[in-house]
Amino acid sequence: MSETASTMPFTTVKPSILGLPAIFCLLLVAACAVVVLNVCTGAVAIPIPHIWNILLHPDDTIISSIIWDIRLPRAIASVLGGGFLAVSGLLLQVYFRNPIVGPFILGISSGATLMVSIVMLTTLTIRLQIMSPIITTLAAIVGAYSVMFIVVSVAAKVKSGVTLLIVGLMMGYLCHSVTAVLTALAEKEQIKGFILWQLGSFSGFKWGEIQLLLILGGGLLILIYLLSKPLNAMLLGEEYALSMGININRFRIFILLSACTMAGLITSLAGPVAFIGLAVPHMARMIFSSSDNRILIPATLLLGGVVTSLCDFIARTIMSPVELPLSAITALFGAPIVISLLMKKRVQL
Amino acid sequence: MRATNTVLSCQNLSVGYKKSTVLSGINLDFEASQFISLLGPNGAGKTTLLRTLSRHLAPISGNITLQGRPLASIRQSELAKVMAVVLTDKVTPPLFTAFQFVALGRYPHTDFLGRMGKRDKEVVARSLSAVNAENLAHREFTNLSDGEKQKILVARALAQEPQVLLLDEPTAHLDLKHRVEVMSILRNLCATQNITVIASLHDVDIAAKVSDKVVLIKNGTITGWGAPEEVLSSSDVAELYDFDSACFNSQLGSIELRGENNREKIFVVGGMGSGASVFRILAKSGYQISTGVLYNNDLDCYVAESLGCKCASQVPSNSINNTSLDQAMEEMKNCDWVIDTGFDCTGVYKNNLQLLTGACRHGKPVISLGNRDPQLFVGGHLAHIVSLAQASELPAALERN
């Protein structure tokens, strides 16, 4: 059968140039490299041997605090957060069988933002301040679920992919407008923190939040990977998936809940980050020449981490000491990817 | 025809959607390794019935049993090993080779991560070869033609190793080559792999030729059920599809389209199949057709009847008798033209030559499609005889004269 493949070169699926394990190793190395890069750069110049020393033997100095409390959590959070966002996007693309969806496009991030703004900008916070990270996370997830619920019920009625996108965008605008009203009415001190959060950034991550990411996100991720087989069957649509033996209702709810939980979790901690969930799954498909979710789930996780960290690095350093909003950088590379996909007709709406 | 052969059966089944019943009173027993076609006009409920059988849709009332067990009680994963479907949904998964696509059909048989063992790969390869698509194995699915895609979709269903295969309009949108190929593939599956194939089809003529059983669906119920030879009579098919300008001929298993019948009357002298294409050409152009004398076992006779021609016919014998000839001659006198198909005038249709000479005698213009000896028309008006090389030139010749 390999002979037939060589006689039809332009219609075959090109196997990746490198083997699968090699690409995965490269991605893993890249992820580690970006973390190192992010730890080594910043407003305060610290020589690399010194950093190494501090990593091995933390002490009470300011330098140690910069590395352990600021740079390292941020570097790790951007890798994890980016990876989770990308996986969330992948799940949504499989669910809707629409390649142009992601948590941001469908308004899920905006829903999360709205709920966070309610928590952060209203007096609710004063009483609940102690539990803040958990509360904002819960609020974000609730916001994500609500928007998702609306989008899904509309999607059930209209089959058109374009309509789905427009509904998602409209939900995004609606949430933004409510958020804007809340911002206008809120007190000055509260606004500052919210505006910073809303720009999207992995700065100010605490170890506790990273633990939350690891436990909740990691647990979900394992579950998602175990369900990569039915996810593959979903590529043929729900009807075929059902005929191959999948309990479609349970599975559908699981995909949506986990995609929203992931997106909501990241949004609550890092603010809305655009395009990672949309563009990274496509980059992974191109790199691996595959739609097999058994490959794509780990691939988007790693690639999402690398890309997001790199964007974070650029946002931090390119106009230093001014830090650019993360979404500005992710959109800069994400939007052209989407347009080029549409131009190449790789994507049908 | 033992009861143990029944794979799938419906008792008092009603199918439809939440608010409206589409079909009711369905009692059918599908036997193993048979090809069953569901026929009926668009919107009759063929797809609804198929979707109910495949459990995509819950029945409104009644029972379905699969291999003696109630369909509703079978686990989804177990059902997938017994029943597979080919749907009309457009499927466009990116970056899948045909082989990988077919491999998705191994879903119910592989482990929780979907890893393919040696046997799984063998089944996929066998499924590809069952649909004559080994050469497509490494092509990307989205780049295949509609016909090739359909074959791969069938192969994917086969990879589930089903005993029952349900197909919704498997030949829609296919060109003739692939339509015939897909049907013969399905036919083979019944014969060689003992799969029961249940398909909704649009082409009555193909269905009549490949099916063991047909189900006629119309007006919310089953109007006919049985072997196509019994069920598909001309009138049944006409009723099923509300034909008025077409006719299904059960002996030939084909559909003839009747013409408008609003132009001049033409008398055709033919026989032994020489008239069939002439009838069709004339019917297309809207001429009224009469013909004779034909033996009633002649192909021309079947086609003429399907097209609604006036036909003087008699029982087969060594020669045309005079009674029939007179009858035909009378009919011919009312016609504006006479066409000679160039039939073999040396054998059993020899006496029909009298119709041609008679035509000349009565001054009817004659168009001849054969190289007749002018001697035959001695005494006639030779000026009225036009010789044509091909039947397709007929309408133009009729217009000219």
# chains A, B, ... in the order shown; residues from 1 in each chain; ligands from 1

$ interface_residues --of "chain B" --to "chain A" --cutoff "6 Å" --atoms "only C-alpha atoms" --output "list in words"
Gln76, Ser77, Ala80, Val91, Pro93, Leu95, Leu113, Gly114, His138, Arg139 and Glu140 of chain B

$ write_last_selection --atoms "all heavy atoms" --output "short mmCIF file (atom, residue, chain, number, x, y, z; two decimals), in the first residue's frame"
data_model
loop_
_atom_site.label_atom_id
_atom_site.label_comp_id
_atom_site.auth_asym_id
_atom_site.auth_seq_id
_atom_site.Cartn_x
_atom_site.Cartn_y
_atom_site.Cartn_z
N GLN B 76 -25.52 0.70 23.98
CA GLN B 76 -25.05 1.40 22.78
C GLN B 76 -23.78 0.75 22.22
O GLN B 76 -23.64 0.58 21.02
CB GLN B 76 -24.79 2.86 23.14
CG GLN B 76 -24.73 3.78 21.94
CD GLN B 76 -26.07 3.91 21.23
OE1 GLN B 76 -27.09 4.08 21.85
NE2 GLN B 76 -26.04 3.79 19.92
N SER B 77 -22.87 0.38 23.10
CA SER B 77 -21.59 -0.16 22.63
C SER B 77 -21.78 -1.55 22.03
O SER B 77 -21.07 -1.95 21.12
CB SER B 77 -20.60 -0.21 23.78
OG SER B 77 -21.19 -0.86 24.88
N ALA B 80 -23.40 -1.20 18.52
CA ALA B 80 -22.45 -0.75 17.50
C ALA B 80 -21.72 -1.93 16.87
O ALA B 80 -21.19 -1.81 15.77
CB ALA B 80 -21.46 0.22 18.11
N VAL B 91 -19.63 14.64 5.86
CA VAL B 91 -18.57 14.40 6.84
C VAL B 91 -17.28 14.91 6.25
O VAL B 91 -16.88 14.49 5.17
CB VAL B 91 -18.45 12.90 7.13
CG1 VAL B 91 -17.37 12.65 8.14
CG2 VAL B 91 -19.76 12.35 7.62
N PRO B 93 -13.90 15.38 8.03
CA PRO B 93 -12.85 15.51 9.04
C PRO B 93 -11.53 15.84 8.34
O PRO B 93 -11.18 15.20 7.36
CB PRO B 93 -12.81 14.13 9.68
CG PRO B 93 -13.30 13.21 8.62
CD PRO B 93 -14.21 14.00 7.75
N LEU B 95 -7.50 16.19 7.56
CA LEU B 95 -6.27 15.45 7.83
C LEU B 95 -6.47 13.99 8.20
O LEU B 95 -5.78 13.46 9.07
CB LEU B 95 -5.47 16.15 8.95
CG LEU B 95 -5.06 17.59 8.66
CD1 LEU B 95 -4.56 18.27 9.92
CD2 LEU B 95 -3.99 17.64 7.59
N LEU B 113 -8.33 3.60 24.56
CA LEU B 113 -7.61 4.66 23.86
C LEU B 113 -7.71 4.49 22.34
O LEU B 113 -7.10 5.23 21.58
CB LEU B 113 -6.15 4.70 24.28
CG LEU B 113 -5.85 5.58 25.49
CD1 LEU B 113 -4.38 5.57 25.81
CD2 LEU B 113 -6.34 7.01 25.28
N GLY B 114 -8.44 3.48 21.91
CA GLY B 114 -8.63 3.29 20.48
C GLY B 114 -7.40 2.76 19.76
O GLY B 114 -7.22 3.01 18.58
N HIS B 138 -4.43 5.62 1.15
CA HIS B 138 -3.52 6.65 1.67
C HIS B 138 -3.85 8.04 1.16
O HIS B 138 -3.10 8.97 1.39
CB HIS B 138 -2.07 6.29 1.35
CG HIS B 138 -1.64 5.07 2.10
ND1 HIS B 138 -1.22 5.13 3.40
CD2 HIS B 138 -1.64 3.77 1.75
CE1 HIS B 138 -0.95 3.90 3.82
NE2 HIS B 138 -1.20 3.06 2.84
N ARG B 139 -4.99 8.16 0.46
CA ARG B 139 -5.38 9.50 0.04
C ARG B 139 -6.11 10.20 1.18
O ARG B 139 -6.72 9.57 2.03
CB ARG B 139 -6.32 9.40 -1.17
CG ARG B 139 -5.70 8.65 -2.32
CD ARG B 139 -5.56 9.42 -3.59
NE ARG B 139 -6.55 10.43 -3.87
CZ ARG B 139 -7.50 10.29 -4.80
NH1 ARG B 139 -7.59 9.17 -5.49
NH2 ARG B 139 -8.31 11.28 -5.05
N GLU B 140 -6.06 11.54 1.14
CA GLU B 140 -6.75 12.28 2.20
C GLU B 140 -8.25 12.26 1.92
O GLU B 140 -8.69 12.54 0.81
CB GLU B 140 -6.24 13.72 2.26
CG GLU B 140 -6.84 14.46 3.45
CD GLU B 140 -6.21 15.81 3.71
OE1 GLU B 140 -5.12 16.07 3.18
OE2 GLU B 140 -6.82 16.59 4.44
#

$ residues_around --residues "A:Gly218" --least-positions-apart "6" --cutoff "10 Å" --atoms "only C-alpha atoms" --output "list in words"
Leu80, Phe84, Gln211, Leu212, Ile224 and Met262 of chain A

$ atom_distance --atom1 "atom CA of A:Pro73" --atom2 "atom CA of A:Glu209"
9.0 Å

$ residues_around --residues "A:Tyr145" --least-positions-apart "3" --cutoff "9 Å" --atoms "only C-alpha atoms" --output "ChimeraX atom specification"
/A:108,111-112,140-142,148-150,256-257,260-261,264

$ write_last_selection --atoms "N, CA and C atoms" --output "CSV table (one decimal), in the first residue's frame"
chain,number,residue,atom,x,y,z
A,108,ILE,N,-17.3,32.8,25.7
A,108,ILE,CA,-17.1,32.1,27.0
A,108,ILE,C,-16.2,33.0,28.0
A,111,GLY,N,-18.2,35.9,29.2
A,111,GLY,CA,-19.1,35.6,30.2
A,111,GLY,C,-18.4,35.5,31.6
A,112,ALA,N,-17.2,34.8,31.5
A,112,ALA,CA,-16.4,34.7,32.7
A,112,ALA,C,-16.0,36.1,33.2
A,140,ALA,N,-16.1,33.0,37.6
A,140,ALA,CA,-15.8,33.0,36.2
A,140,ALA,C,-16.3,31.7,35.5
A,141,ILE,N,-16.3,30.6,36.3
A,141,ILE,CA,-16.8,29.3,35.7
A,141,ILE,C,-18.3,29.4,35.5
A,142,VAL,N,-18.9,30.0,36.5
A,142,VAL,CA,-20.4,30.2,36.3
A,142,VAL,C,-20.7,31.0,35.1
A,148,MET,N,-22.1,29.6,27.6
A,148,MET,CA,-22.1,28.4,26.9
A,148,MET,C,-23.4,27.8,26.7
A,149,PHE,N,-24.2,27.9,27.8
A,149,PHE,CA,-25.6,27.3,27.7
A,149,PHE,C,-26.4,28.0,26.7
A,150,ILE,N,-26.3,29.3,26.6
A,150,ILE,CA,-27.0,30.1,25.6
A,150,ILE,C,-26.6,29.7,24.2
A,256,LEU,N,-18.4,20.0,27.1
A,256,LEU,CA,-18.7,21.4,27.3
A,256,LEU,C,-18.3,21.8,28.7
A,257,LEU,N,-18.6,21.0,29.7
A,257,LEU,CA,-18.3,21.4,31.1
A,257,LEU,C,-16.8,21.5,31.2
A,260,CYS,N,-15.5,24.6,29.4
A,260,CYS,CA,-15.8,25.9,30.1
A,260,CYS,C,-15.1,26.0,31.4
A,261,THR,N,-14.9,24.9,32.1
A,261,THR,CA,-14.2,24.9,33.4
A,261,THR,C,-12.7,25.4,33.1
A,264,GLY,N,-12.8,29.1,32.0
A,264,GLY,CA,-13.2,29.9,33.1
A,264,GLY,C,-12.1,30.1,34.2

$ residues_around --residues "stretch 368-373 of chain B" --least-positions-apart "2" --cutoff "6 Å" --atoms "only C-alpha atoms" --output "VMD selection string"
chain B and resid 339 to 342 375 to 376 386 to 389

$ atom_distance --atom1 "atom CA of B:Val164" --atom2 "atom CA of B:Ala84"
6.5 Å

$ select_by_dssp --residues "stretch 66-104 of chain B" --states "alpha helix (DSSP H)" --output "number ranges by chain"
B: 76-82, 98-103

$ closest_residue --among "B:Gln251, B:Ser317, B:Ser306, B:Gln288" --to "B:Phe267" --atoms "only C-alpha atoms"
B:Gln288

$ closest_residue --among "A:Leu169, A:Cys311, A:Leu92, A:Leu341" --to "A:Asn38" --atoms "only C-alpha atoms"
A:Cys311

$ residues_around --residues "B:Ser61" --least-positions-apart "3" --cutoff "12 Å" --atoms "only C-alpha atoms" --output "MDAnalysis selection string"
chainID B and resid 10:18 21:26 52 57:58 64 72

$ decode --residues "stretch 310-325 of chain A" --atoms "all heavy atoms" --output "mmCIF file, in the first residue's frame"
data_model
loop_
_atom_site.group_PDB
_atom_site.id
_atom_site.type_symbol
_atom_site.label_atom_id
_atom_site.label_comp_id
_atom_site.auth_asym_id
_atom_site.auth_seq_id
_atom_site.Cartn_x
_atom_site.Cartn_y
_atom_site.Cartn_z
ATOM 1 N N LEU A 310 5.749 32.529 25.303
ATOM 2 C CA LEU A 310 6.506 33.384 24.393
ATOM 3 C C LEU A 310 5.817 34.739 24.249
ATOM 4 O O LEU A 310 6.475 35.781 24.277
ATOM 5 C CB LEU A 310 6.624 32.729 23.014
ATOM 6 C CG LEU A 310 7.907 31.951 22.749
ATOM 7 C CD1 LEU A 310 7.882 31.360 21.350
ATOM 8 C CD2 LEU A 310 9.128 32.858 22.929
ATOM 9 N N CYS A 311 4.476 34.695 24.097
ATOM 10 C CA CYS A 311 3.741 35.943 23.986
ATOM 11 C C CYS A 311 3.899 36.773 25.247
ATOM 12 O O CYS A 311 4.042 37.999 25.186
ATOM 13 C CB CYS A 311 2.260 35.672 23.738
ATOM 14 S SG CYS A 311 1.945 35.053 22.091
ATOM 15 N N ASP A 312 3.875 36.096 26.389
ATOM 16 C CA ASP A 312 4.027 36.783 27.657
ATOM 17 C C ASP A 312 5.414 37.426 27.725
ATOM 18 O O ASP A 312 5.573 38.565 28.164
ATOM 19 C CB ASP A 312 3.841 35.791 28.807
ATOM 20 C CG ASP A 312 3.720 36.492 30.148
ATOM 21 O OD1 ASP A 312 3.036 37.539 30.194
ATOM 22 O OD2 ASP A 312 4.313 36.014 31.123
ATOM 23 N N PHE A 313 6.419 36.677 27.255
ATOM 24 C CA PHE A 313 7.785 37.183 27.231
ATOM 25 C C PHE A 313 7.852 38.438 26.372
ATOM 26 O O PHE A 313 8.420 39.453 26.785
ATOM 27 C CB PHE A 313 8.716 36.093 26.682
ATOM 28 C CG PHE A 313 10.130 36.536 26.491
ATOM 29 C CD1 PHE A 313 10.982 36.680 27.587
ATOM 30 C CD2 PHE A 313 10.613 36.825 25.227
ATOM 31 C CE1 PHE A 313 12.281 37.097 27.416
ATOM 32 C CE2 PHE A 313 11.922 37.240 25.049
ATOM 33 C CZ PHE A 313 12.759 37.384 26.136
ATOM 34 N N ILE A 314 7.243 38.365 25.182
ATOM 35 C CA ILE A 314 7.259 39.515 24.268
ATOM 36 C C ILE A 314 6.525 40.696 24.898
ATOM 37 O O ILE A 314 7.014 41.827 24.887
ATOM 38 C CB ILE A 314 6.614 39.133 22.920
ATOM 39 C CG1 ILE A 314 7.467 38.089 22.208
ATOM 40 C CG2 ILE A 314 6.449 40.364 22.032
ATOM 41 C CD1 ILE A 314 6.800 37.440 21.007
ATOM 42 N N ALA A 315 5.355 40.419 25.485
ATOM 43 C CA ALA A 315 4.560 41.482 26.083
ATOM 44 C C ALA A 315 5.362 42.210 27.161
ATOM 45 O O ALA A 315 5.257 43.421 27.344
ATOM 46 C CB ALA A 315 3.279 40.914 26.675
ATOM 47 N N ARG A 316 6.162 41.461 27.865
ATOM 48 C CA ARG A 316 6.914 42.001 28.992
ATOM 49 C C ARG A 316 8.145 42.790 28.532
ATOM 50 O O ARG A 316 8.525 43.785 29.140
ATOM 51 C CB ARG A 316 7.417 40.795 29.770
ATOM 52 C CG ARG A 316 7.200 40.761 31.180
ATOM 53 C CD ARG A 316 7.015 39.374 31.754
ATOM 54 N NE ARG A 316 7.989 38.374 31.385
ATOM 55 C CZ ARG A 316 9.162 38.236 31.969
ATOM 56 N NH1 ARG A 316 9.544 39.033 32.924
ATOM 57 N NH2 ARG A 316 9.963 37.276 31.577
ATOM 58 N N THR A 317 8.799 42.287 27.498
ATOM 59 C CA THR A 317 10.116 42.812 27.187
ATOM 60 C C THR A 317 10.141 43.804 26.030
ATOM 61 O O THR A 317 10.993 44.679 25.999
ATOM 62 C CB THR A 317 11.080 41.659 26.842
ATOM 63 O OG1 THR A 317 10.472 40.869 25.814
ATOM 64 C CG2 THR A 317 11.381 40.816 28.038
ATOM 65 N N ILE A 318 9.229 43.669 25.074
ATOM 66 C CA ILE A 318 9.403 44.406 23.825
ATOM 67 C C ILE A 318 9.358 45.923 24.029
ATOM 68 O O ILE A 318 10.092 46.663 23.394
ATOM 69 C CB ILE A 318 8.380 43.944 22.756
ATOM 70 C CG1 ILE A 318 8.810 44.429 21.366
ATOM 71 C CG2 ILE A 318 6.979 44.408 23.057
ATOM 72 C CD1 ILE A 318 8.123 43.678 20.239
ATOM 73 N N MET A 319 8.514 46.389 24.967
ATOM 74 C CA MET A 319 8.418 47.830 25.223
ATOM 75 C C MET A 319 8.880 48.125 26.651
ATOM 76 O O MET A 319 8.438 49.090 27.260
ATOM 77 C CB MET A 319 6.972 48.305 25.050
ATOM 78 C CG MET A 319 6.431 48.145 23.652
ATOM 79 S SD MET A 319 6.666 49.612 22.703
ATOM 80 C CE MET A 319 6.028 49.102 21.117
ATOM 81 N N SER A 320 9.709 47.284 27.187
ATOM 82 C CA SER A 320 10.115 47.376 28.568
ATOM 83 C C SER A 320 10.594 48.792 28.880
ATOM 84 O O SER A 320 11.288 49.398 28.059
ATOM 85 C CB SER A 320 11.234 46.353 28.808
ATOM 86 O OG SER A 320 11.781 46.543 30.070
ATOM 87 N N PRO A 321 10.278 49.393 29.988
ATOM 88 C CA PRO A 321 9.602 48.792 31.142
ATOM 89 C C PRO A 321 8.083 48.769 31.029
ATOM 90 O O PRO A 321 7.443 48.293 31.951
ATOM 91 C CB PRO A 321 10.036 49.699 32.284
ATOM 92 C CG PRO A 321 10.206 51.036 31.644
ATOM 93 C CD PRO A 321 10.657 50.791 30.255
ATOM 94 N N VAL A 322 7.501 49.283 29.955
ATOM 95 C CA VAL A 322 6.036 49.202 29.832
ATOM 96 C C VAL A 322 5.658 47.763 29.490
ATOM 97 O O VAL A 322 6.283 47.142 28.621
ATOM 98 C CB VAL A 322 5.510 50.142 28.728
ATOM 99 C CG1 VAL A 322 4.003 50.021 28.609
ATOM 100 C CG2 VAL A 322 5.926 51.579 29.007
ATOM 101 N N GLU A 323 4.651 47.250 30.207
ATOM 102 C CA GLU A 323 4.233 45.884 29.890
ATOM 103 C C GLU A 323 2.985 45.948 29.025
ATOM 104 O O GLU A 323 1.993 46.588 29.369
ATOM 105 C CB GLU A 323 3.932 45.125 31.171
ATOM 106 C CG GLU A 323 3.813 43.652 30.903
ATOM 107 C CD GLU A 323 3.522 42.879 32.173
ATOM 108 O OE1 GLU A 323 4.205 43.107 33.181
ATOM 109 O OE2 GLU A 323 2.602 42.050 32.143
ATOM 110 N N LEU A 324 3.027 45.281 27.867
ATOM 111 C CA LEU A 324 1.882 45.296 26.964
ATOM 112 C C LEU A 324 0.838 44.275 27.399
ATOM 113 O O LEU A 324 1.182 43.276 28.025
ATOM 114 C CB LEU A 324 2.327 44.982 25.536
ATOM 115 C CG LEU A 324 3.355 45.928 24.920
ATOM 116 C CD1 LEU A 324 3.763 45.430 23.549
ATOM 117 C CD2 LEU A 324 2.799 47.337 24.836
ATOM 118 N N PRO A 325 -0.428 44.528 27.070
ATOM 119 C CA PRO A 325 -1.446 43.512 27.389
ATOM 120 C C PRO A 325 -1.184 42.230 26.597
ATOM 121 O O PRO A 325 -0.853 42.288 25.412
ATOM 122 C CB PRO A 325 -2.761 44.144 26.960
ATOM 123 C CG PRO A 325 -2.449 45.489 26.428
ATOM 124 C CD PRO A 325 -1.003 45.711 26.454
#
